[in-house]
Every structure is written in C-alpha cells, then in structure tokens.
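One structure is given below, encoded as structure tokens.
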Amino acid sequence: CSYCRLELELPAVSGGYASPQTMEGLPSSVKQVISGSAAGISATLLVHPLDTIRTRVQTADVSGVQYRGAIDCAAKTLKYEGLQAFYKGITFPLLAQAVYKSVIFTSYHAMQSLFPQTDGPPPIPRVMLCGAAAGGINSFVVTPVELIRNNLMVQYDHKTEPRRWRNSMELVKDLTKRNGITGLWRGIGPTFLRDSIGVASWFGSFEVCLRYLCPHIGLSGTPALLLSGVSGGIGFWVAAFPLDTIKSLVQVEASSHRGSAISVLLSLVRNGELHKLFRGFGVAVMRGIPGAAITFTVQRKTREALG
C-alpha cells in the first residue's frame with residue numbers, strides 16, 4: 001500500500017515503531033539523541049523570535065506594554081529594542097534542546113515497547129497515549145528552562161527602570177536564593193498538562209497526516225514529512241495553547257496572577273477575561289508550523305547521515 005511505501009522511506013521518524021538500527025560503533029539510542037538534538041536546535045534558532053512575541057503578547061498586562069496584536073508587538077520590539085531583543089532568553093532553550101528531544105523520543109519509544117508488537121504501525125490511540133506520557137515526562141525538564149526564558153523575554157530595554165537580570169545565570173541565582181531550587185519548577189502543573197495533551201496531539205496529528213492524507217494526495221518522502229510536521233505543529237498548539245497561557249502567567253515574576261494554575265484560571269473567570277487565554281494564538285501556530293516541520297525533517301536527514 002502507499003502508506004507502507006511511505007513508512008519505509010521514513011524510518012523511525014516518530015521514534016516509535018521502526019526497528020532500531022545501529023551503525024558500526026554507534027548505538028541506535030545515541031543516533032536518536034543526536035538526530036533529535038540537531039532537530040531541536042535547528043528549530044529553536046528559527047522560531048525563538050516567534051516565542052518571544054508570543055510570550056510578550058500573552059503577558060502584556062504584566063509588562064504594562066499594550067499591543068494591538070502580534071505584528072504590533074514585533075514592530076515595537078524591533079523599533080525600541082532592536083533585532084537582538086527577539087533572541088532574549090535563548091541560551092537555556094538552545095542548550096536544553098538536546099535533552100528535550102532525547103527525552104521525548106526516548107520516552108515515546110519506551111512506552112511503545114510496553115505494548116505487544118503487531119503487524120503494521122501502532123493504532124492512533126496508542127500513539128497519542130505514548131505521546132502524552134513522553135510529554136508529561138519532558139515537562140519536568142522544560143519547566144525551569146521556560147521559567148528562565150519567559151522572565152527574560154518580558155524585560156523591556158526601552159523602559160526607564162534598569163533590567164532586573166542581565167542574563168540567565170543572574171536570574172537563576174536570584175530565583176534560587178528567594179525560592180530555593182524547587183522554585184525553578186514553578187508552573188510544573190500547567191506545563192505537565194500542556195505537554196501531556198500537546199505532545200499527544202503532536203504525535204497523533206503527525207501520524208494521521210503521514211498515514212492517511214499524504215498517500216491520498218500522492219505525497220511521499222521529504223514533502224510528506226514536511227506536511228506531516230506542519231500538521232503536528234498545528235495539532236500541538238490547538239490542543240495546548242490555553243494551558244500555555246496559564247503557565248506563562250504563573251511563571252512570570254511580575255505577574256499579578258502568580259499562584260496555582262487553578263487560581264489563575266479563577267481570576268480570569270471572575271474578571272471576565274477568559275478571552276485572554278487565547279492572546280498570541282496566531283503567532284503560536286505560526287511558530288508551530290515551521291518548528292515542527294523542521295524538527296521532523298532535520299531529524300530524518302540527520303539519521304540518514306548517521307546511517
């Protein structure tokens with residue numbers, strides 16, 4: 001069938017049901033880490049400016065800077081702070097990508113191995129269940145990184161008051177001094193929910209597109225991989241965006257909503273501000289499309305290069 005031919009062309013793309021392959025002297029698990037790391041770093045370099053815009057739009061009330069939308073945010077950031085402002089807080093996310101992708105793909109593969117082996121690809125519900133587990137595990141890695149990134153992102157260089165932290169290390173020292181080491185995991189609850197639901201949708205949307213849509217429209221190889229990656233990126237943000245907004249409000253140091261995810265949600269309900277859960281959704285989807293497409297494509301090309 002056309003999907004079977006496509007599956008053979010794209011070995012181990014989703015890290016789940018393809019047979020592990022080992023090149024001489026390099027275990028397949030190491031190849032998985034290397035290819036995932038390359039994919040994550042490549043995607044971060046491209047989409048971090050969109051992450052900055054999304055976070056600033058989500059937390060506009062905290063900063064006191066009002067935006068008419070994502071384009072207005074990008075224009076004001078460029079005008080008042082310059083191009084470098086779009087890359088605030090990138091150090092930790094860039095360094096953490098090796099861990100992110102290795103955790104996600106390794107956890108996904110481990111979960112798949114717990115199920116009885118069957119002919120053909122695993123059913124979509126199993127794909128999503130394994131994705132949810134992988135996302136939940138990864139949330140414990142990503143929470144402190146996003147805490148640091150988000151707080152640096154919402155520092156505005158054009159304001160009269162000096163910046164509170166000059167770099168990631170200053171912020172880490174400040175947070176751990178005041179809140180202890182566990183304070184770096186502030187927001188773990190909504191992050192766990194976001195990544196469990198989001199990564200389940202990410203893998204599920206990717207596989208549905210790869211198995212059913214691509215063969216139907218005659219796509220195979222790299223174009224099919226790109227389109228399926230786009231589907232995965234959209235699927236993640238459609239499922240997870242409100243939780244991402246809650247997570248950002250919990251984590252940002254200056255937020256008046258700081259507290260538990262439940263208290264943030266109740267505050268928005270009481271103030272009639274539920275619509276704010278979707279601020280920045282457009283830029284999040286714009287970020288998810290190239291990010292996921294590049295992640296899957298670079299992962300495949302790197303694995304091919306490794307043999």
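How things are named: the first chain in the structure tokens is A, the next is B, and so on; residues count from 1 in each chain; ligands count from 1 in the order shown.
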Nearby residues (only C-alpha atoms) at most 12 Å from range 74-83 of chain A, same-chain spacing under 4 positions excluded, as a list in words: Pro49, Leu50, Asp51, Thr52, Ile53, Arg54, Thr55, Arg56, Val57, Val65, Gln66, Tyr67, Arg68, Gly69, Ala70, Tyr87, Lys88, Met153, Val154, Gln155, Tyr156, Asp157, His158, Lys159, Gly280 and Val283 of chain A
Take the residues just selected and output them with C-alpha atoms as an mmCIF file, in the first residue's frame.
```
data_model
loop_
_atom_site.group_PDB
_atom_site.id
_atom_site.type_symbol
_atom_site.label_atom_id
_atom_site.label_comp_id
_atom_site.auth_asym_id
_atom_site.auth_seq_id
_atom_site.Cartn_x
_atom_site.Cartn_y
_atom_site.Cartn_z
ATOM 1 C CA PRO A 49 11.764 35.200 17.846
ATOM 2 C CA LEU A 50 8.173 33.970 17.484
ATOM 3 C CA ASP A 51 8.338 32.552 21.019
ATOM 4 C CA THR A 52 9.405 35.988 22.249
ATOM 5 C CA ILE A 53 6.469 37.680 20.512
ATOM 6 C CA ARG A 54 4.009 35.044 21.767
ATOM 7 C CA THR A 55 5.174 35.353 25.374
ATOM 8 C CA ARG A 56 5.085 39.164 25.291
ATOM 9 C CA VAL A 57 1.556 39.212 23.875
ATOM 10 C CA VAL A 65 3.008 47.449 27.361
ATOM 11 C CA GLN A 66 -0.099 47.142 25.211
ATOM 12 C CA TYR A 67 -0.126 45.562 21.765
ATOM 13 C CA ARG A 68 -2.774 45.508 19.069
ATOM 14 C CA GLY A 69 -1.564 42.057 18.094
ATOM 15 C CA ALA A 70 1.497 40.021 17.190
ATOM 16 C CA TYR A 87 16.581 36.337 20.978
ATOM 17 C CA LYS A 88 16.288 37.159 24.667
ATOM 18 C CA MET A 153 11.664 37.706 27.422
ATOM 19 C CA VAL A 154 9.389 40.148 29.228
ATOM 20 C CA GLN A 155 12.184 42.513 30.260
ATOM 21 C CA TYR A 156 11.882 45.613 28.108
ATOM 22 C CA ASP A 157 15.053 47.524 27.274
ATOM 23 C CA HIS A 158 13.214 50.736 26.373
ATOM 24 C CA LYS A 159 11.726 51.189 29.854
ATOM 25 C CA GLY A 280 -0.977 35.205 20.909
ATOM 26 C CA VAL A 283 1.792 33.627 16.459
#
```
DSSP helix (DSSP H, G or I) residues within range 103-202 of chain A, as a ChimeraX atom specification: /A:103-113,124-153,168-179,181-185,188-202
Enumerate, in order of chain and increasing residue number, the residues of range 157-232 of chain A with an atom no farther than 9 Å from range 110-131 of chain A, each with its shortest atom pair and distance in Å to one decimal, counting only C-alpha atoms, as CSV.
```
residue,atom,partner,partner_atom,distance
A:Ser196,CA,A:Gly131,CA,7.2
A:Ile197,CA,A:Gly131,CA,8.4
A:Gly198,CA,A:Gly131,CA,8.5
A:Val199,CA,A:Gly131,CA,5.3
A:Ala200,CA,A:Gly131,CA,4.2
A:Ser201,CA,A:Met128,CA,6.5
A:Trp202,CA,A:Gly131,CA,7.7
A:Phe203,CA,A:Gly131,CA,6.0
A:Gly204,CA,A:Met128,CA,5.3
A:Ser205,CA,A:Met128,CA,8.9
A:Glu207,CA,A:Ile124,CA,7.4
A:Val208,CA,A:Ile124,CA,7.4
```
Residue subset to file, keeping C-alpha atoms, as a PDB file, in the first residue's frame:
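Generated output (result-v1.pdb):
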```pdb
ATOM      1  CA  SER A 196       0.848  15.761  28.007  1.00  0.00           C
ATOM      2  CA  ILE A 197      -2.080  16.963  25.932  1.00  0.00           C
ATOM      3  CA  GLY A 198       0.033  18.844  23.403  1.00  0.00           C
ATOM      4  CA  VAL A 199       2.582  16.123  22.650  1.00  0.00           C
ATOM      5  CA  ALA A 200      -0.212  13.546  22.369  1.00  0.00           C
ATOM      6  CA  SER A 201      -1.797  15.760  19.731  1.00  0.00           C
ATOM      7  CA  TRP A 202       1.628  16.438  18.152  1.00  0.00           C
ATOM      8  CA  PHE A 203       2.367  12.756  17.540  1.00  0.00           C
ATOM      9  CA  GLY A 204      -1.253  11.934  16.698  1.00  0.00           C
ATOM     10  CA  SER A 205      -1.654  14.722  14.150  1.00  0.00           C
ATOM     11  CA  GLU A 207       0.813  10.189  12.204  1.00  0.00           C
ATOM     12  CA  VAL A 208      -2.702  10.808  10.883  1.00  0.00           C
TER      13      VAL A 208
END
```
Distance in Å - CA of Leu243 in chain A versus CA of Pro190 in chain A: 5.9 Å
Nearest to Val250 in chain A, chosen from A:His216, A:Leu152, A:Thr176, A:Leu147, with only C-alpha atoms counted in the distances: A:Leu147
